[in-house]
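Presented below is the structure to which this report refers.
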Amino acid sequence: MDDHTINSLKAALQQSPENNPLRLLLAQNLLLLNRLEEAEKEFAIVAASSTDFRAKLGLAKVYFAKGNYSACNVILEEIIASNVKDIDVYILYTKALLEESSIEKAIDAYREVLAIDPKYKNDEIDSQLRHRYESDPEETITEEEDYRFLQKPDINFSDVGGMEGVKKEIEMKIIQPLLQPELYKAYGKKTGGGILLYGPPGCGKTFIAKATAGQVQAKFISVSLNDILDMWVGSSEKNLHELFEVARNNSPCVLFIDEIDALGASRSDMKQSSSRPLINQFLQELDGIEHSNEGLLIIGATNTPWNLDPAFRRPGRFDRILFVPPPDQTSKEAILRIKLKNKPTKDIDIYSIAKKCKSYSGADIDAIIDIAIEQKLEASFKDGIPKPLETKDLLKALKKHHPSTQEWFTTAKNFAMFANDSGLYDEILDYLKKNK
């Protein structure tokens with residue numbers, strides 16, 4: 001499409017100005033060339049004198065391209081009200097609604113798209129609506145899909161350097177009840193329950209959860225919000241229930257839920273009431289009222305415990321809340337040894353490097369090693385011979401990567417000092433005091 005075609009269409013229109021199909025063709029071609037003002041003018045002329053919905057659809061596309069989503073939606077709703085069942089109308093309507101954060105309306109509009117063409121796929125829309133591609137409004141996670149979550153970890157507490165306090169708490173709350181169930185029953189205590197791990201990102205919350213499962217030779221299920229959410233109303237709750245059922249049917253089992261703050265955000269803060277049923281469903285599953293949670297070990301992880309609904313901290317739910325700090329000296333040394341294993345090295349002073357990694361997370365240490373490797377690779381390109389990593393390379397890399405935990409502690413300190421009536425965040429203050 002070029003200016004010559006546009007000029008030819010304009011010339012033809014001068015000879016036949018009442019020819020709406022010709023003017024519509026001109027407008028559509030102008031839109032393709034992103035000549036929005038001209039396209040808007042031509043679409044408006046056709047829309048005023050014709051019942052062809054394509055003129056109004058063209059106008060809506062112009063407004064969408066301009067970022068005027070409100071005007072776009074008004075026109076599209078007018079088209080839809082006239083009982084037009086056109087897939088392009090509903091696709092554009094879905095996109096415009098998403099731009100305005102009207103999620104529930106967008107879901108309804110996208111349902112119409114899939115009703116017209118069940119095989120339709122759009123990665124951009126699907127990612128925003130958490131849509132499962134083989135869409136079925138009644139679809140839930142199948143038994144085959146359930147078992148893709150099940151793992152049998154090959155690590156245990158011996159693979160976890162440091163974290164002695166966290167391991168001791170987990171030992172008492174989770175591991176010993178499974179190893180000595182009769183002793184616990186004598187005191188009327190059940191096996192199972194919930195522990196919430198919180199702390200800066202990248203500090204090993206997932207690793208300690210997996211090691212817990214390995215320690216008791218239990219099965220392990222790791223899920224995040226994306227594994228649970230579904231665009232269809234009610235399906236997210238079904239997915240959550242079925243994941244709990246898989247865990248119950250495979251007890252002893254550790255069910256690890258990452259970023260649990262996104263799933264269990266405070267109900268009073270929820271802007272969309274559609275999220276509340278999912279939270280209530282989660283609370284019911286934790287309580288195990290209708291289904292026994294005996295032998296089900298639930299571990300949640302969050303970077304922002306202050307966003308979690310207080311109802312989650314009631315006894316029988318997440319009644320143990322454990323702070324997972326950045327790795328201590330022992331842990332940092334262990335991480336360095338593991339990460340440097342099978343890599344070309346020479347005289348690495350693990351202790352001194354770990355000592356300088358103050359407040360660094362495990363992910364930060366990984367990043368430092370990657371930076372050092374990139375520098376060595378550049379030097380190795382000249383002769384193709386791998387150059388060994390040395391202490392000085394890692395110390396040099398340290399200067400290029402600062403600890404990512406600092407921003408988290410800035411926020412956490414405010415909560416620990418000014419919103420800590422229950423003493424929940426005392427461990428944060430203790431850590432900051434010891435690591436001044």
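Lettering and numbering for the structure tokens are positional, with chains as A, B, ... in the shown order, residues counted from 1 in each chain, and ligands counted from 1 in the shown order.
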
- [ ] May I have the residues within 7 Å of Ile298 in chain A as a list of chain:residue names, using only C-alpha atoms and disregarding those fewer than 5 positions away in the same chain?
- [x]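 Listing them by chain and then by number gives A:Gly193, A:Gly194, A:Ile195, A:Val254, A:Leu255, A:Phe256.
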
Task: Spatial neighbours of Ala211 in chain A, max dist 7 Å, only C-alpha atoms, sep filter under 5 positions, as a ChimeraX atom specification - done: /A:155-157

Please produce a file of those selected residues containing N, CA and C atoms, as a PDB file, in the first residue's frame.
```
ATOM      1  N   ILE A 155      16.895 -33.725  47.482  1.00  0.00           N
ATOM      2  CA  ILE A 155      17.703 -32.948  48.415  1.00  0.00           C
ATOM      3  C   ILE A 155      17.052 -32.997  49.798  1.00  0.00           C
ATOM      4  N   ASN A 156      17.845 -32.748  50.844  1.00  0.00           N
ATOM      5  CA  ASN A 156      17.307 -32.678  52.200  1.00  0.00           C
ATOM      6  C   ASN A 156      18.049 -31.603  52.972  1.00  0.00           C
ATOM      7  N   PHE A 157      17.889 -31.579  54.299  1.00  0.00           N
ATOM      8  CA  PHE A 157      18.478 -30.506  55.097  1.00  0.00           C
ATOM      9  C   PHE A 157      20.004 -30.481  55.043  1.00  0.00           C
TER      10      PHE A 157
END
```

Open item on the list: At a cut-off of 12 Å, using only C-alpha atoms, what residues contact Asp88 in chain A? Leave out same-chain residues fewer than 4 positions from it and give the result as a list of chain:residue names.
Closed with: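 Surrounding residues, per the criterion: A:Phe53, A:Arg54, A:Leu57, A:Gly58, A:Ala60, A:Lys61, A:Leu76, A:Ile79, A:Ile80, A:Val84, A:Leu92, A:Tyr93, A:Thr94, A:Lys95, A:Ala109, A:Tyr110, A:Glu112, A:Val113, A:Leu114, A:Ile116, A:Asp117, A:Tyr120.
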
Open item on the list: According to DSSP computed on the backbone, where in range 45-89 of chain A is there alpha helix (DSSP H)? Give the residues as a ChimeraX atom specification.
Closed with: /A:45-49,53-66,69-81,87-89

If you keep C-alpha atoms, can you produce a file of those selected residues as a PDB file, in the first residue's frame?
```
ATOM      1  CA  ILE A  45     -18.600  10.094   6.593  1.00  0.00           C
ATOM      2  CA  VAL A  46     -19.485   6.467   5.812  1.00  0.00           C
ATOM      3  CA  ALA A  47     -20.826   5.827   9.335  1.00  0.00           C
ATOM      4  CA  ALA A  48     -23.147   8.843   9.076  1.00  0.00           C
ATOM      5  CA  SER A  49     -24.747   7.705   5.831  1.00  0.00           C
ATOM      6  CA  PHE A  53     -20.958  -1.698  10.831  1.00  0.00           C
ATOM      7  CA  ARG A  54     -17.467  -1.823   9.319  1.00  0.00           C
ATOM      8  CA  ALA A  55     -17.381   1.973   9.200  1.00  0.00           C
ATOM      9  CA  LYS A  56     -18.039   2.219  12.939  1.00  0.00           C
ATOM     10  CA  LEU A  57     -15.553  -0.598  13.561  1.00  0.00           C
ATOM     11  CA  GLY A  58     -12.998   1.393  11.568  1.00  0.00           C
ATOM     12  CA  LEU A  59     -13.659   4.440  13.729  1.00  0.00           C
ATOM     13  CA  ALA A  60     -13.202   2.330  16.857  1.00  0.00           C
ATOM     14  CA  LYS A  61      -9.865   1.078  15.503  1.00  0.00           C
ATOM     15  CA  VAL A  62      -8.758   4.676  14.912  1.00  0.00           C
ATOM     16  CA  TYR A  63      -9.645   5.642  18.489  1.00  0.00           C
ATOM     17  CA  PHE A  64      -7.881   2.545  19.824  1.00  0.00           C
ATOM     18  CA  ALA A  65      -4.739   3.457  17.865  1.00  0.00           C
ATOM     19  CA  LYS A  66      -4.934   6.967  19.326  1.00  0.00           C
ATOM     20  CA  TYR A  69     -10.106   3.560  24.674  1.00  0.00           C
ATOM     21  CA  SER A  70     -13.252   5.054  26.175  1.00  0.00           C
ATOM     22  CA  ALA A  71     -14.480   6.360  22.801  1.00  0.00           C
ATOM     23  CA  CYS A  72     -13.462   3.086  21.192  1.00  0.00           C
ATOM     24  CA  ASN A  73     -15.590   1.100  23.661  1.00  0.00           C
ATOM     25  CA  VAL A  74     -18.617   3.361  23.251  1.00  0.00           C
ATOM     26  CA  ILE A  75     -18.641   2.702  19.504  1.00  0.00           C
ATOM     27  CA  LEU A  76     -18.056  -1.029  19.908  1.00  0.00           C
ATOM     28  CA  GLU A  77     -20.864  -1.327  22.470  1.00  0.00           C
ATOM     29  CA  GLU A  78     -23.170   0.391  19.982  1.00  0.00           C
ATOM     30  CA  ILE A  79     -22.197  -2.153  17.321  1.00  0.00           C
ATOM     31  CA  ILE A  80     -22.695  -5.065  19.754  1.00  0.00           C
ATOM     32  CA  ALA A  81     -26.101  -3.689  20.797  1.00  0.00           C
ATOM     33  CA  ILE A  87     -15.111 -11.681  15.784  1.00  0.00           C
ATOM     34  CA  ASP A  88     -13.059  -8.549  14.997  1.00  0.00           C
ATOM     35  CA  VAL A  89     -15.514  -6.430  16.991  1.00  0.00           C
TER      36      VAL A  89
END
```

TODO: Please provide the set of residues having any atom within 9 Å of Leu25 in chain A, restricted to only C-alpha atoms, with same-chain residues fewer than 5 positions apart removed, written as a list of chain:residue names.
DONE: A:Leu9, A:Asn20, A:Leu30

Those residues you just picked out, can you put them in a file as a PDB file, in the first residue's frame with C-alpha atoms?
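Result file is out-v1.pdb:
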```pdb
ATOM      1  CA  LEU A   9      -8.905   6.016  -4.549  1.00  0.00           C
ATOM      2  CA  ASN A  20     -19.673   4.363   0.321  1.00  0.00           C
ATOM      3  CA  LEU A  30      -5.472   5.099   5.356  1.00  0.00           C
TER       4      LEU A  30
END
```

TODO: Name all residues at most 10 Å from range 337-347 of chain A (count only C-alpha atoms; drop same-chain ones fewer than 5 positions away) and give them as a list of chain:residue names.
DONE: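 In the requested form, the answer reads A:Asp159, A:Ser331, A:Lys332, A:Gly362, A:Ile365, A:Asp366, A:Ile369, A:Asp370, A:Ile373, A:Pro386, A:Lys387, A:Pro388, A:Leu389, A:Glu390, A:Thr391, A:Lys392.
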
Task: Residues within 9 Å of Leu225 in chain A, only C-alpha atoms, excluding chain neighbours under 4 positions, as a ChimeraX atom specification - done: /A:229,257-260,262-263

Export C-alpha atoms of the chosen residues as an mmCIF file, in the first residue's frame?
```cif
data_model
loop_
_atom_site.group_PDB
_atom_site.id
_atom_site.type_symbol
_atom_site.label_atom_id
_atom_site.label_comp_id
_atom_site.auth_asym_id
_atom_site.auth_seq_id
_atom_site.Cartn_x
_atom_site.Cartn_y
_atom_site.Cartn_z
ATOM 1 C CA LEU A 229 -5.816 -18.527 38.204
ATOM 2 C CA ILE A 257 2.690 -22.112 47.388
ATOM 3 C CA ASP A 258 4.974 -19.364 46.168
ATOM 4 C CA GLU A 259 4.059 -15.663 46.207
ATOM 5 C CA ILE A 260 1.182 -16.494 48.510
ATOM 6 C CA ALA A 262 -0.814 -12.468 45.675
ATOM 7 C CA LEU A 263 -3.278 -15.260 46.421
#
```

Task: Two-atom distance - CA of Asn303 in chain A, CA of Asp261 in chain A (Å) - done: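 One can read the CA of Asn303 in chain A to CA of Asp261 in chain A distance as 7.9 Å.
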
- [ ] Go ahead and compute the interatomic distance for CA of Leu398 in chain A and CA of Cys357 in chain A, in Å to one decimal.
- [x]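 CA of Cys357 in chain A lies at a distance of 7.7 Å from CA of Leu398 in chain A.
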
Need the shell around Leu283 in chain A: protein/DNA/RNA residues with any atom at most 8 Å away, counting only C-alpha atoms. Skip same-chain ones fewer than 3 positions apart. Format as a short mmCIF file (atom, residue, chain, number, x, y, z; two decimals) with C-alpha atoms, in the first residue's frame?
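Contents of part17.cif, freshly written:
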```
data_model
loop_
_atom_site.label_atom_id
_atom_site.label_comp_id
_atom_site.auth_asym_id
_atom_site.auth_seq_id
_atom_site.Cartn_x
_atom_site.Cartn_y
_atom_site.Cartn_z
CA ILE A 279 -9.34 -16.23 49.12
CA ASN A 280 -12.29 -17.74 50.99
CA LEU A 286 -6.39 -24.66 54.91
CA ASP A 287 -8.98 -25.41 57.60
CA ALA A 311 -7.05 -14.66 58.71
CA PHE A 312 -4.23 -16.76 57.28
CA ARG A 317 -3.54 -22.31 59.13
#
```

Can you check which parts of range 61-165 of chain A lie within 12 Å of range 321-324 of chain A? Per residue, the shortest pair of atoms and distance in Å to one decimal, counting only C-alpha atoms, sorted by chain and number, as JSON lines.
```
{"residue": "A:Gly162", "atom": "CA", "partner": "A:Val324", "partner_atom": "CA", "distance": 10.8}
{"residue": "A:Met163", "atom": "CA", "partner": "A:Val324", "partner_atom": "CA", "distance": 7.6}
{"residue": "A:Glu164", "atom": "CA", "partner": "A:Val324", "partner_atom": "CA", "distance": 10.4}
{"residue": "A:Gly165", "atom": "CA", "partner": "A:Leu322", "partner_atom": "CA", "distance": 8.8}
```
